[in-house]
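**Student:** As input, take work19.cif (mmCIF, C-alpha atoms and all ligand atoms; chains and numbers go by the auth columns):
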data_data
loop_
_atom_site.group_PDB
_atom_site.id
_atom_site.type_symbol
_atom_site.label_atom_id
_atom_site.label_comp_id
_atom_site.label_asym_id
_atom_site.label_seq_id
_atom_site.Cartn_x
_atom_site.Cartn_y
_atom_site.Cartn_z
_atom_site.B_iso_or_equiv
_atom_site.auth_seq_id
_atom_site.auth_asym_id
ATOM 1 C CA MET A 1 15.477 13.461 9.209 0.00 1 Y
ATOM 2 C CA PRO A 2 12.240 11.947 7.991 0.00 2 Y
ATOM 3 C CA ILE A 3 9.942 14.568 6.623 0.00 3 Y
ATOM 4 C CA TRP A 4 6.848 12.570 5.888 0.00 4 Y
ATOM 5 C CA HIS A 5 5.231 9.948 8.083 0.00 5 Y
ATOM 6 C CA TRP A 6 2.493 7.635 6.937 0.00 6 Y
ATOM 7 C CA SER A 7 -0.231 7.472 9.506 0.00 7 Y
ATOM 8 C CA THR A 8 -1.534 3.964 8.842 0.00 8 Y
ATOM 9 C CA PRO A 9 0.268 1.150 10.676 0.00 9 Y
ATOM 10 C CA ALA A 10 1.592 -1.740 8.621 0.00 10 Y
ATOM 11 C CA ALA A 11 -0.271 -4.221 10.818 0.00 11 Y
ATOM 12 C CA GLU A 12 -3.437 -3.287 8.999 0.00 12 Y
ATOM 13 C CA LEU A 13 -2.718 -5.810 6.252 0.00 13 Y
ATOM 14 C CA SER A 14 -4.388 -9.065 7.181 0.00 14 Y
ATOM 15 C CA CYS A 15 -1.704 -11.687 6.798 0.00 15 Y
ATOM 16 C CA SER A 16 -2.951 -14.025 9.501 0.00 16 Y
ATOM 17 C CA PRO A 17 -2.018 -17.700 9.070 0.00 17 Y
ATOM 18 C CA ALA A 18 -4.518 -20.145 7.599 0.00 18 Y
ATOM 19 C CA PRO A 19 -6.906 -21.628 10.144 0.00 19 Y
ATOM 20 C CA ALA A 20 -6.397 -25.184 11.405 0.00 20 Y
ATOM 21 C CA SER A 21 -9.466 -26.313 9.497 0.00 21 Y
ATOM 22 C CA VAL A 22 -7.468 -26.216 6.255 0.00 22 Y
ATOM 23 C CA LEU A 23 -5.857 -29.614 6.863 0.00 23 Y
ATOM 24 C CA PRO A 24 -9.073 -31.715 7.206 0.00 24 Y
ATOM 25 C CA SER A 25 -10.531 -30.069 4.132 0.00 25 Y
ATOM 26 C CA LEU A 26 -7.426 -31.010 2.129 0.00 26 Y
ATOM 27 C CA ARG A 27 -8.039 -34.662 3.015 0.00 27 Y
ATOM 28 C CA GLU A 28 -11.582 -34.340 1.730 0.00 28 Y
ATOM 29 C CA GLY A 29 -10.239 -33.288 -1.636 0.00 29 Y
ATOM 30 C CA LYS A 30 -11.404 -29.720 -1.245 0.00 30 Y
ATOM 31 C CA PRO A 31 -8.302 -27.666 -0.661 0.00 31 Y
ATOM 32 C CA ARG A 32 -9.120 -24.249 0.693 0.00 32 Y
ATOM 33 C CA LEU A 33 -6.568 -22.330 -1.296 0.00 33 Y
ATOM 34 C CA MET A 34 -8.420 -19.127 -0.600 0.00 34 Y
ATOM 35 C CA ALA A 35 -7.858 -19.474 3.150 0.00 35 Y
ATOM 36 C CA PHE A 36 -5.074 -16.932 2.747 0.00 36 Y
ATOM 37 C CA SER A 37 -7.274 -13.980 2.063 0.00 37 Y
ATOM 38 C CA GLU A 38 -6.037 -10.455 1.744 0.00 38 Y
ATOM 39 C CA SER A 39 -8.161 -7.417 2.119 0.00 39 Y
ATOM 40 C CA TYR A 40 -7.112 -4.007 1.042 0.00 40 Y
ATOM 41 C CA HIS A 41 -8.880 -0.730 1.098 0.00 41 Y
ATOM 42 C CA CYS A 42 -8.148 2.587 -0.479 0.00 42 Y
ATOM 43 C CA ASP A 43 -6.003 4.657 1.861 0.00 43 Y
ATOM 44 C CA VAL A 44 -7.756 7.827 0.745 0.00 44 Y
ATOM 45 C CA CYS A 45 -11.471 7.057 0.429 0.00 45 Y
ATOM 46 C CA GLY A 46 -11.635 3.711 2.285 0.00 46 Y
ATOM 47 C CA LYS A 47 -13.171 1.786 -0.615 0.00 47 Y
ATOM 48 C CA ASP A 48 -12.665 -1.988 -0.386 0.00 48 Y
ATOM 49 C CA LYS A 49 -10.608 -3.687 -3.080 0.00 49 Y
ATOM 50 C CA SER A 50 -12.585 -6.624 -4.432 0.00 50 Y
ATOM 51 C CA ASP A 51 -11.282 -9.307 -6.784 0.00 51 Y
ATOM 52 C CA THR A 52 -12.885 -7.563 -9.714 0.00 52 Y
ATOM 53 C CA SER A 53 -11.403 -4.201 -8.907 0.00 53 Y
ATOM 54 C CA SER A 54 -9.208 -2.775 -11.580 0.00 54 Y
ATOM 55 C CA ASP A 55 -7.244 0.403 -11.967 0.00 55 Y
ATOM 56 C CA TRP A 56 -5.785 0.252 -8.471 0.00 56 Y
ATOM 57 C CA TRP A 57 -2.468 1.935 -7.821 0.00 57 Y
ATOM 58 C CA LEU A 58 0.331 1.831 -5.301 0.00 58 Y
ATOM 59 C CA MET A 59 2.287 4.764 -3.959 0.00 59 Y
ATOM 60 C CA TRP A 60 5.185 4.966 -1.549 0.00 60 Y
ATOM 61 C CA THR A 61 7.996 7.322 -0.672 0.00 61 Y
ATOM 62 C CA GLU A 62 11.673 6.730 -1.295 0.00 62 Y
ATOM 63 C CA ASP A 63 14.743 8.758 -0.510 0.00 63 Y
ATOM 64 C CA PHE A 64 16.077 10.507 -3.587 0.00 64 Y
ATOM 65 C CA ASP A 65 19.761 11.357 -3.627 0.00 65 Y
ATOM 66 C CA PRO A 66 20.157 14.255 -6.057 0.00 66 Y
ATOM 67 C CA PRO A 67 23.383 14.697 -7.992 0.00 67 Y
ATOM 68 C CA GLY A 68 25.738 17.210 -6.487 0.00 68 Y
ATOM 69 C CA PRO A 69 26.002 18.406 -2.918 0.00 69 Y
ATOM 70 C CA SER A 70 22.262 18.566 -2.239 0.00 70 Y
ATOM 71 C CA ASP A 71 20.746 16.700 0.687 0.00 71 Y
ATOM 72 C CA ILE A 72 18.708 13.551 0.216 0.00 72 Y
ATOM 73 C CA GLN A 73 15.078 14.400 -0.305 0.00 73 Y
ATOM 74 C CA PRO A 74 11.905 12.333 -0.276 0.00 74 Y
ATOM 75 C CA SER A 75 10.349 11.268 -3.561 0.00 75 Y
ATOM 76 C CA MET A 76 7.002 9.673 -4.330 0.00 76 Y
ATOM 77 C CA ARG A 77 6.745 6.480 -6.352 0.00 77 Y
ATOM 78 C CA LEU A 78 3.627 5.472 -8.217 0.00 78 Y
ATOM 79 C CA THR A 79 2.910 2.213 -10.012 0.00 79 Y
ATOM 80 C CA ARG A 80 0.012 0.031 -11.045 0.00 80 Y
ATOM 81 C CA TRP A 81 -1.217 -2.546 -8.568 0.00 81 Y
ATOM 82 C CA ASN A 82 1.335 -5.238 -7.784 0.00 82 Y
ATOM 83 C CA THR A 83 0.463 -7.808 -5.156 0.00 83 Y
ATOM 84 C CA LEU A 84 3.971 -8.197 -3.768 0.00 84 Y
ATOM 85 C CA GLN A 85 4.542 -4.464 -3.514 0.00 85 Y
ATOM 86 C CA ALA A 86 1.096 -4.110 -1.927 0.00 86 Y
ATOM 87 C CA HIS A 87 2.474 -6.046 1.071 0.00 87 Y
ATOM 88 C CA ALA A 88 5.230 -3.525 1.686 0.00 88 Y
ATOM 89 C CA PRO A 89 4.477 -1.730 4.927 0.00 89 Y
ATOM 90 C CA GLU A 90 4.988 1.800 3.639 0.00 90 Y
ATOM 91 C CA THR A 91 2.912 1.329 0.500 0.00 91 Y
ATOM 92 C CA ARG A 92 -0.389 3.161 0.099 0.00 92 Y
ATOM 93 C CA HIS A 93 -3.230 1.474 -1.802 0.00 93 Y
ATOM 94 C CA LEU A 94 -5.306 3.672 -4.064 0.00 94 Y
ATOM 95 C CA CYS A 95 -8.509 2.901 -5.944 0.00 95 Y
ATOM 96 C CA GLY A 96 -7.987 5.207 -8.910 0.00 96 Y
ATOM 97 C CA ALA A 97 -6.531 8.367 -10.338 0.00 97 Y
ATOM 98 C CA THR A 98 -8.671 10.648 -8.193 0.00 98 Y
ATOM 99 C CA CYS A 99 -7.384 9.165 -4.953 0.00 99 Y
ATOM 100 C CA VAL A 100 -3.825 9.103 -6.336 0.00 100 Y
ATOM 101 C CA GLN A 101 -4.082 12.838 -6.943 0.00 101 Y
ATOM 102 C CA THR A 102 -5.552 13.431 -3.497 0.00 102 Y
ATOM 103 C CA LEU A 103 -2.721 11.565 -1.800 0.00 103 Y
ATOM 104 C CA LEU A 104 -0.145 13.284 -3.967 0.00 104 Y
ATOM 105 C CA ASN A 105 -1.587 16.677 -3.058 0.00 105 Y
ATOM 106 C CA ARG A 106 -1.442 15.811 0.645 0.00 106 Y
ATOM 107 C CA TRP A 107 2.107 14.566 0.335 0.00 107 Y
ATOM 108 C CA MET A 108 3.237 17.647 -1.594 0.00 108 Y
ATOM 109 C CA SER A 109 1.697 20.080 0.867 0.00 109 Y
ATOM 110 C CA GLY A 110 3.126 18.123 3.795 0.00 110 Y
ATOM 111 C CA THR A 111 6.574 18.072 2.221 0.00 111 Y
ATOM 112 C CA LYS A 112 6.409 21.753 1.435 0.00 112 Y
ATOM 113 C CA THR A 113 5.697 22.791 5.013 0.00 113 Y
ATOM 114 C CA ALA A 114 8.276 20.404 6.403 0.00 114 Y
ATOM 115 C CA THR A 115 11.045 21.702 4.161 0.00 115 Y
ATOM 116 C CA ARG A 116 10.531 25.419 4.830 0.00 116 Y
HETATM 117 ZN ZN ZN B . -10.081 5.722 -3.202 0.00 1 L
#
I'd like the structure from this file rewritten - as structure tokens, please.

**Tutor:**
Amino acid sequence: MPIWHWSTPAAELSCSPAPASVLPSLREGKPRLMAFSESYHCDVCGKDKSDTSSDWWLMWTEDFDPPGPSDIQPSMRLTRWNTLQAHAPETRHLCGATCVQTLLNRWMSGTKTATR
């Protein structure tokens, strides 16, 4: 039984296809490679992630299967920003250590109440 549910839908990532105007601009010798633009924001404080942003982090939950007869339990994963992982629907985007701690606190308190 899932114990923790992320509230933000995955559709929030803007992965819309490049506009039709890309093709004419390629012929003009000015390829619009940036037509595929991604925008992320911190899932705790809402801060936008700009190209110059550093120290962003990713967090997501995974099932952890403990040794022995114990039931599977949720675990939290944390890693530095990785563009491919940032696309994963369950991944939270965080602008720094403060927001990482805030999300972790929320997750821990939510897990605690859900597991008695
Ligand atoms: Zn933040």

**Student:** Using only C-alpha atoms and all ligand atoms, I'd like a table of the residues in chain Y that come within 10 Å of ligand ZN 1 (chain L); for each, show the closest atom pair and its distance in Å rounded to one decimal, ordered by chain and ascending number, as a tab-separated table.

**Tutor:**
residue	atom	partner	partner_atom	distance
Y:His41	CA	L:ZN1	ZN	7.8
Y:Cys42	CA	L:ZN1	ZN	4.6
Y:Asp43	CA	L:ZN1	ZN	6.6
Y:Val44	CA	L:ZN1	ZN	5.0
Y:Cys45	CA	L:ZN1	ZN	4.1
Y:Gly46	CA	L:ZN1	ZN	6.0
Y:Lys47	CA	L:ZN1	ZN	5.6
Y:Asp48	CA	L:ZN1	ZN	8.6
Y:Lys49	CA	L:ZN1	ZN	9.4
Y:Trp56	CA	L:ZN1	ZN	8.7
Y:Trp57	CA	L:ZN1	ZN	9.7
Y:His93	CA	L:ZN1	ZN	8.2
Y:Leu94	CA	L:ZN1	ZN	5.3
Y:Cys95	CA	L:ZN1	ZN	4.2
Y:Gly96	CA	L:ZN1	ZN	6.1
Y:Ala97	CA	L:ZN1	ZN	8.4
Y:Thr98	CA	L:ZN1	ZN	7.2
Y:Cys99	CA	L:ZN1	ZN	4.7
Y:Val100	CA	L:ZN1	ZN	7.8
Y:Thr102	CA	L:ZN1	ZN	8.9
Y:Leu103	CA	L:ZN1	ZN	9.5

**Student:** When you draw a straight line from CA of Ser75 in chain Y to CA of Asp55 in chain Y, how long is it in Å?

**Tutor:**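 That distance, rounded to one decimal, is 22.3 Å.
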
**Student:** With a distance cut-off of 7 Å and only C-alpha atoms, select the neighbouring residues of Met76 in chain Y, excluding the residue or stretch itself and same-chain residues fewer than 3 positions from it, and output the selection as a ChimeraX atom specification.

**Tutor:** /Y:59-62

**Student:** Could you check which of Y:Tyr40, Y:Leu78, Y:Thr91, Y:Pro69 is closest to Ser53 in chain Y, using all atoms listed in the file?

**Tutor:** Y:Tyr40

**Student:** Report as a count of residues only all protein, DNA and RNA residues lying within 7 Å of range 86-90 of chain Y, evaluated on all atoms listed in the file, omitting residues in the same chain fewer than 2 positions from it.

**Tutor:** 7

**Student:** Provide an axis-aligned box for all listed atoms of range 69-88 of chain Y, padding each side by 3 Å; report its centre and its edge lengths in Å to one decimal, as JSON.

**Tutor:**
{"center_x": 12.4, "center_y": 5.2, "center_z": -4.7, "size_x": 33.2, "size_y": 32.8, "size_z": 18.7}

**Student:** Mind giving me the straight-line distance from CA of Met108 in chain Y to CA of Ser50 in chain Y in Å, one decimal?

**Tutor:**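 Pair CA of Met108 in chain Y / CA of Ser50 in chain Y returns 29.1 Å.
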
**Student:** What's the separation between CA of Trp81 in chain Y and CA of Thr52 in chain Y, in Å to one decimal place?

**Tutor:** 12.8 Å
